[in-house]
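Step one of this worksheet: look at the structure below.
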Amino acid sequence: SPGRISASFGRIANDKSAKEMEWIRPEPIGLAPHSLQVINTPKSMGRLVIVFDPGAIIDPGLFEIVVNAKSNSTYSINVTATVCHCVKNVIQGDLSNFFARRALIKKFSDETSMLWTSMRIAERKIGVLEGLITEAEMESNRCEADIEDCDNQLDDKDELSDKEFDEIHQDIKILEMEFAHWCRLHSLRTQEYEDTKP
């Protein structure tokens, strides 16, 4: 025949010593709602359910489950529980997260503002560099044209005096130095322009 058992759930008082706990009877707690119980039959296993709601806060302590049976019976015990955190602790945790996220938002906002400023400066720098590159191209072209003009004058050296010949040679030297200067500036400004472009 199906075994019959009874069970109770109790709490041992916190103010009892270890020796007293060996014989003291736990204080019964919890309820056994009728709708949750299942009768033990030859065709199905029974079930005892004890529900305990400690209220808002539960003090730490020892709990005990007592099972009684009139004959040898096989049974198992399952304990399930849900945890509810203290509202104050939850609010404090949420506030901490809020302040941390607000600090991150401010940090990201400052970094975004700095990035935007850097982008605007870079755009202006690109515009300035484009003008400087154009200037270097124009000046190098001017020097090249003036050197070519001087070379053409030297082709008619028979018509030039020694003084004029020397002056043209001096002009060519100066123009070649200017040409090298503007070519160097053009190269540097072009490289800076490439480095600045997004």
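Simple scheme: letters A, B, ... for chains in structure tokens order, numbers from 1 for residues in each chain, numbers from 1 for ligands in the order shown.
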
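Taking only C-alpha atoms, the non-local environment of Leu36 in chain A within 12 Å (same-chain residues fewer than 2 positions away omitted) comprises A:Leu31, A:Ala32, A:Pro33, A:His34, A:Val38, A:Ile39, A:Gly46, A:Arg47, A:Leu48, A:Val49, A:Ile50, A:Val51.
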
Keeping all heavy atoms, export the residues of the selection given above as a compact mmCIF listing (two decimals), in the first residue's frame.
# COMPACT_ATOMS: atom_id res chain seq x y z
N LEU A 31 2.89 27.58 5.65
CA LEU A 31 1.53 27.09 5.42
C LEU A 31 1.57 25.97 4.39
O LEU A 31 2.48 25.91 3.56
CB LEU A 31 0.63 28.21 4.92
CG LEU A 31 0.44 29.44 5.85
CD1 LEU A 31 -0.35 30.52 5.12
CD2 LEU A 31 -0.27 29.02 7.12
N ALA A 32 0.56 25.11 4.44
CA ALA A 32 0.43 24.03 3.46
C ALA A 32 -0.92 24.19 2.76
O ALA A 32 -1.92 23.56 3.14
CB ALA A 32 0.54 22.67 4.14
N PRO A 33 -1.01 25.03 1.74
CA PRO A 33 -2.29 25.25 1.05
C PRO A 33 -2.85 23.95 0.48
O PRO A 33 -2.12 23.16 -0.14
CB PRO A 33 -1.92 26.23 -0.07
CG PRO A 33 -0.66 26.89 0.40
CD PRO A 33 0.08 25.84 1.17
N HIS A 34 -4.13 23.74 0.69
CA HIS A 34 -4.77 22.51 0.24
C HIS A 34 -4.67 22.32 -1.27
O HIS A 34 -4.50 21.21 -1.77
CB HIS A 34 -6.25 22.52 0.68
CG HIS A 34 -6.99 21.28 0.29
ND1 HIS A 34 -7.67 21.16 -0.91
CD2 HIS A 34 -7.13 20.09 0.94
CE1 HIS A 34 -8.23 19.96 -0.98
NE2 HIS A 34 -7.91 19.29 0.13
N VAL A 38 -0.93 16.89 -3.14
CA VAL A 38 -1.31 15.79 -4.02
C VAL A 38 -1.31 14.50 -3.20
O VAL A 38 -0.33 14.21 -2.49
CB VAL A 38 -0.34 15.65 -5.22
CG1 VAL A 38 -0.73 14.45 -6.08
CG2 VAL A 38 -0.33 16.94 -6.05
N ILE A 39 -2.41 13.71 -3.30
CA ILE A 39 -2.54 12.47 -2.54
C ILE A 39 -1.66 11.38 -3.15
O ILE A 39 -1.57 11.25 -4.38
CB ILE A 39 -4.02 12.01 -2.51
CG1 ILE A 39 -4.88 13.06 -1.79
CG2 ILE A 39 -4.15 10.66 -1.81
CD1 ILE A 39 -6.36 12.74 -1.83
N GLY A 46 2.56 11.10 -4.37
CA GLY A 46 1.96 12.25 -3.70
C GLY A 46 2.96 13.38 -3.54
O GLY A 46 4.15 13.27 -3.85
N ARG A 47 2.44 14.50 -3.02
CA ARG A 47 3.31 15.65 -2.85
C ARG A 47 2.81 16.49 -1.70
O ARG A 47 1.61 16.77 -1.57
CB ARG A 47 3.33 16.49 -4.13
CG ARG A 47 4.24 17.71 -4.05
CD ARG A 47 4.19 18.50 -5.35
NE ARG A 47 2.84 19.02 -5.58
CZ ARG A 47 2.40 19.46 -6.77
NH1 ARG A 47 3.19 19.37 -7.82
NH2 ARG A 47 1.17 19.92 -6.89
N LEU A 48 3.75 16.92 -0.84
CA LEU A 48 3.47 17.86 0.23
C LEU A 48 4.19 19.17 -0.09
O LEU A 48 5.38 19.17 -0.39
CB LEU A 48 3.97 17.33 1.58
CG LEU A 48 3.22 16.14 2.19
CD1 LEU A 48 3.94 15.68 3.45
CD2 LEU A 48 1.78 16.54 2.53
N VAL A 49 3.46 20.26 -0.02
CA VAL A 49 4.04 21.57 -0.30
C VAL A 49 3.84 22.46 0.91
O VAL A 49 2.71 22.65 1.38
CB VAL A 49 3.40 22.22 -1.55
CG1 VAL A 49 4.01 23.59 -1.80
CG2 VAL A 49 3.61 21.32 -2.76
N ILE A 50 4.93 23.01 1.41
CA ILE A 50 4.88 23.97 2.52
C ILE A 50 5.41 25.30 2.00
O ILE A 50 6.52 25.38 1.46
CB ILE A 50 5.72 23.49 3.72
CG1 ILE A 50 5.20 22.14 4.23
CG2 ILE A 50 5.68 24.52 4.84
CD1 ILE A 50 6.05 21.55 5.34
N VAL A 51 4.62 26.33 2.16
CA VAL A 51 4.97 27.66 1.67
C VAL A 51 5.28 28.55 2.86
O VAL A 51 4.51 28.61 3.83
CB VAL A 51 3.83 28.28 0.84
CG1 VAL A 51 4.22 29.67 0.35
CG2 VAL A 51 3.49 27.37 -0.34

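Look at Lys125 in chain A: the protein and nucleic acid residues within 12 Å of it, using only C-alpha atoms and passing over chain neighbours fewer than 6 places away, are Ser118, Met119, Gly131, Leu132, Ile133, Arg189, Glu192, Tyr193, Glu194, Asp195, Thr196, Lys197 and Pro198 of chain A.
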
Would you write out those residues with all heavy atoms, as a JSON list (two decimals), in the first residue's frame?
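The resulting out26.json:
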[["chain", "number", "residue", "atom", "x", "y", "z"],
["A", 118, "SER", "N", 38.29, 69.49, -33.42],
["A", 118, "SER", "CA", 39.46, 69.06, -34.20],
["A", 118, "SER", "C", 39.10, 68.91, -35.68],
["A", 118, "SER", "O", 39.90, 69.27, -36.56],
["A", 118, "SER", "CB", 39.97, 67.72, -33.66],
["A", 118, "SER", "OG", 40.39, 67.84, -32.32],
["A", 119, "MET", "N", 37.89, 68.41, -35.96],
["A", 119, "MET", "CA", 37.47, 68.27, -37.35],
["A", 119, "MET", "C", 37.33, 69.63, -38.02],
["A", 119, "MET", "O", 37.74, 69.81, -39.18],
["A", 119, "MET", "CB", 36.14, 67.50, -37.41],
["A", 119, "MET", "CG", 36.26, 66.03, -37.05],
["A", 119, "MET", "SD", 34.66, 65.20, -37.03],
["A", 119, "MET", "CE", 34.12, 65.42, -38.72],
["A", 131, "GLY", "N", 45.40, 76.57, -50.47],
["A", 131, "GLY", "CA", 45.86, 77.87, -50.96],
["A", 131, "GLY", "C", 47.38, 77.96, -51.01],
["A", 131, "GLY", "O", 47.95, 78.50, -51.98],
["A", 132, "LEU", "N", 48.04, 77.44, -49.99],
["A", 132, "LEU", "CA", 49.50, 77.48, -49.96],
["A", 132, "LEU", "C", 50.12, 76.60, -51.04],
["A", 132, "LEU", "O", 51.15, 76.94, -51.63],
["A", 132, "LEU", "CB", 50.00, 77.03, -48.58],
["A", 132, "LEU", "CG", 49.67, 77.97, -47.42],
["A", 132, "LEU", "CD1", 50.11, 77.35, -46.09],
["A", 132, "LEU", "CD2", 50.34, 79.33, -47.61],
["A", 133, "ILE", "N", 49.49, 75.44, -51.31],
["A", 133, "ILE", "CA", 49.98, 74.57, -52.38],
["A", 133, "ILE", "C", 49.85, 75.27, -53.73],
["A", 133, "ILE", "O", 50.77, 75.23, -54.58],
["A", 133, "ILE", "CB", 49.21, 73.23, -52.38],
["A", 133, "ILE", "CG1", 49.59, 72.40, -51.15],
["A", 133, "ILE", "CG2", 49.49, 72.44, -53.65],
["A", 133, "ILE", "CD1", 48.73, 71.18, -50.95],
["A", 189, "ARG", "N", 54.02, 70.95, -48.15],
["A", 189, "ARG", "CA", 52.60, 71.30, -47.98],
["A", 189, "ARG", "C", 51.69, 70.20, -48.54],
["A", 189, "ARG", "O", 50.63, 69.93, -47.98],
["A", 189, "ARG", "CB", 52.32, 72.64, -48.66],
["A", 189, "ARG", "CG", 52.97, 73.81, -47.94],
["A", 189, "ARG", "CD", 52.92, 75.08, -48.74],
["A", 189, "ARG", "NE", 53.54, 76.19, -48.01],
["A", 189, "ARG", "CZ", 53.72, 77.40, -48.51],
["A", 189, "ARG", "NH1", 53.33, 77.67, -49.76],
["A", 189, "ARG", "NH2", 54.29, 78.35, -47.78],
["A", 192, "GLU", "N", 51.69, 67.45, -45.95],
["A", 192, "GLU", "CA", 50.86, 67.84, -44.80],
["A", 192, "GLU", "C", 49.38, 67.80, -45.16],
["A", 192, "GLU", "O", 48.55, 67.42, -44.33],
["A", 192, "GLU", "CB", 51.26, 69.25, -44.35],
["A", 192, "GLU", "CG", 50.65, 69.67, -43.03],
["A", 192, "GLU", "CD", 51.19, 70.97, -42.51],
["A", 192, "GLU", "OE1", 52.05, 71.57, -43.17],
["A", 192, "GLU", "OE2", 50.73, 71.40, -41.42],
["A", 193, "TYR", "N", 49.06, 68.17, -46.39],
["A", 193, "TYR", "CA", 47.67, 68.11, -46.85],
["A", 193, "TYR", "C", 47.18, 66.66, -46.86],
["A", 193, "TYR", "O", 46.06, 66.37, -46.39],
["A", 193, "TYR", "CB", 47.59, 68.71, -48.24],
["A", 193, "TYR", "CG", 46.23, 68.59, -48.90],
["A", 193, "TYR", "CD1", 45.22, 69.50, -48.60],
["A", 193, "TYR", "CD2", 45.95, 67.57, -49.81],
["A", 193, "TYR", "CE1", 43.97, 69.40, -49.20],
["A", 193, "TYR", "CE2", 44.72, 67.46, -50.41],
["A", 193, "TYR", "CZ", 43.73, 68.37, -50.09],
["A", 193, "TYR", "OH", 42.49, 68.27, -50.67],
["A", 194, "GLU", "N", 48.00, 65.73, -47.33],
["A", 194, "GLU", "CA", 47.61, 64.31, -47.34],
["A", 194, "GLU", "C", 47.45, 63.78, -45.93],
["A", 194, "GLU", "O", 46.56, 62.96, -45.66],
["A", 194, "GLU", "CB", 48.66, 63.50, -48.12],
["A", 194, "GLU", "CG", 48.73, 63.81, -49.60],
["A", 194, "GLU", "CD", 47.44, 63.46, -50.32],
["A", 194, "GLU", "OE1", 46.78, 62.49, -49.89],
["A", 194, "GLU", "OE2", 47.11, 64.13, -51.31],
["A", 195, "ASP", "N", 48.33, 64.22, -45.02],
["A", 195, "ASP", "CA", 48.24, 63.75, -43.64],
["A", 195, "ASP", "C", 47.02, 64.31, -42.91],
["A", 195, "ASP", "O", 46.50, 63.70, -41.98],
["A", 195, "ASP", "CB", 49.51, 64.15, -42.86],
["A", 195, "ASP", "CG", 50.74, 63.42, -43.38],
["A", 195, "ASP", "OD1", 50.56, 62.38, -44.04],
["A", 195, "ASP", "OD2", 51.86, 63.92, -43.12],
["A", 196, "THR", "N", 46.57, 65.49, -43.33],
["A", 196, "THR", "CA", 45.44, 66.14, -42.65],
["A", 196, "THR", "C", 44.10, 65.65, -43.17],
["A", 196, "THR", "O", 43.11, 65.64, -42.44],
["A", 196, "THR", "CB", 45.54, 67.67, -42.83],
["A", 196, "THR", "OG1", 46.83, 68.11, -42.38],
["A", 196, "THR", "CG2", 44.46, 68.38, -42.01],
["A", 197, "LYS", "N", 44.07, 65.21, -44.43],
["A", 197, "LYS", "CA", 42.79, 64.76, -45.01],
["A", 197, "LYS", "C", 42.22, 63.60, -44.21],
["A", 197, "LYS", "O", 42.96, 62.71, -43.79],
["A", 197, "LYS", "CB", 43.00, 64.31, -46.46],
["A", 197, "LYS", "CG", 43.00, 65.42, -47.46],
["A", 197, "LYS", "CD", 42.75, 64.93, -48.87],
["A", 197, "LYS", "CE", 43.56, 63.71, -49.22],
["A", 197, "LYS", "NZ", 43.31, 63.29, -50.62],
["A", 198, "PRO", "N", 40.88, 63.60, -44.00],
["A", 198, "PRO", "CA", 40.25, 62.47, -43.24],
["A", 198, "PRO", "C", 40.30, 61.18, -44.05],
["A", 198, "PRO", "O", 40.41, 61.20, -45.26],
["A", 198, "PRO", "CB", 38.82, 62.97, -43.03],
["A", 198, "PRO", "CG", 38.57, 63.97, -44.12],
["A", 198, "PRO", "CD", 39.90, 64.61, -44.39]]

As a PyMOL selection string, please: all residues of range 74-146 of chain A that backbone DSSP puts in helix (DSSP H, G or I). chain A and resi 87-146

Write out as a PyMOL selection string which residues come within 12 Å of Asn40 in chain A when counting only C-alpha atoms, dropping same-chain ones fewer than 3 positions away. chain A and resi 1-6+37+43-48+73-75

How would the residues just picked look written out with N, CA, C and O atoms as a compact mmCIF listing (two decimals), in the first residue's frame?
# COMPACT_ATOMS: atom_id res chain seq x y z
N SER A 1 0.86 -1.19 0.00
CA SER A 1 0.00 0.00 0.00
C SER A 1 0.89 1.23 0.00
O SER A 1 2.02 1.19 0.47
N PRO A 2 0.39 2.34 -0.51
CA PRO A 2 1.18 3.57 -0.55
C PRO A 2 1.56 4.02 0.87
O PRO A 2 0.79 3.89 1.82
N GLY A 3 2.80 4.52 0.97
CA GLY A 3 3.25 5.01 2.26
C GLY A 3 2.57 6.32 2.62
O GLY A 3 2.09 7.06 1.75
N ARG A 4 2.48 6.59 3.90
CA ARG A 4 1.90 7.85 4.37
C ARG A 4 2.93 8.58 5.22
O ARG A 4 3.51 7.98 6.14
N ILE A 5 3.17 9.84 4.88
CA ILE A 5 4.13 10.64 5.63
C ILE A 5 3.52 11.99 5.97
O ILE A 5 2.52 12.41 5.36
N SER A 6 4.09 12.59 6.97
CA SER A 6 3.73 13.98 7.31
C SER A 6 5.04 14.76 7.42
O SER A 6 6.10 14.20 7.67
N GLN A 37 -1.49 20.41 -2.50
CA GLN A 37 -1.17 19.05 -2.04
C GLN A 37 -1.68 18.02 -3.04
O GLN A 37 -2.69 18.22 -3.71
N LYS A 43 -1.00 4.67 -8.21
CA LYS A 43 -0.72 5.06 -9.60
C LYS A 43 0.10 6.34 -9.71
O LYS A 43 0.65 6.62 -10.78
N SER A 44 0.17 7.11 -8.67
CA SER A 44 0.90 8.38 -8.76
C SER A 44 1.52 8.73 -7.42
O SER A 44 0.99 8.36 -6.37
N MET A 45 2.63 9.43 -7.50
CA MET A 45 3.32 9.87 -6.29
C MET A 45 2.60 11.08 -5.70
O MET A 45 2.11 11.95 -6.41
N GLY A 46 2.56 11.10 -4.37
CA GLY A 46 1.96 12.25 -3.70
C GLY A 46 2.96 13.38 -3.54
O GLY A 46 4.15 13.27 -3.85
N ARG A 47 2.44 14.50 -3.02
CA ARG A 47 3.31 15.65 -2.85
C ARG A 47 2.81 16.49 -1.70
O ARG A 47 1.61 16.77 -1.57
N LEU A 48 3.75 16.92 -0.84
CA LEU A 48 3.47 17.86 0.23
C LEU A 48 4.19 19.17 -0.09
O LEU A 48 5.38 19.17 -0.39
N SER A 73 9.20 4.37 3.95
CA SER A 73 8.69 5.14 2.80
C SER A 73 9.88 5.81 2.09
O SER A 73 10.91 6.13 2.71
N THR A 74 9.73 5.98 0.83
CA THR A 74 10.74 6.67 0.02
C THR A 74 10.23 8.06 -0.31
O THR A 74 9.10 8.20 -0.79
N TYR A 75 11.06 9.06 -0.10
CA TYR A 75 10.64 10.43 -0.37
C TYR A 75 11.87 11.25 -0.75
O TYR A 75 13.02 10.86 -0.54
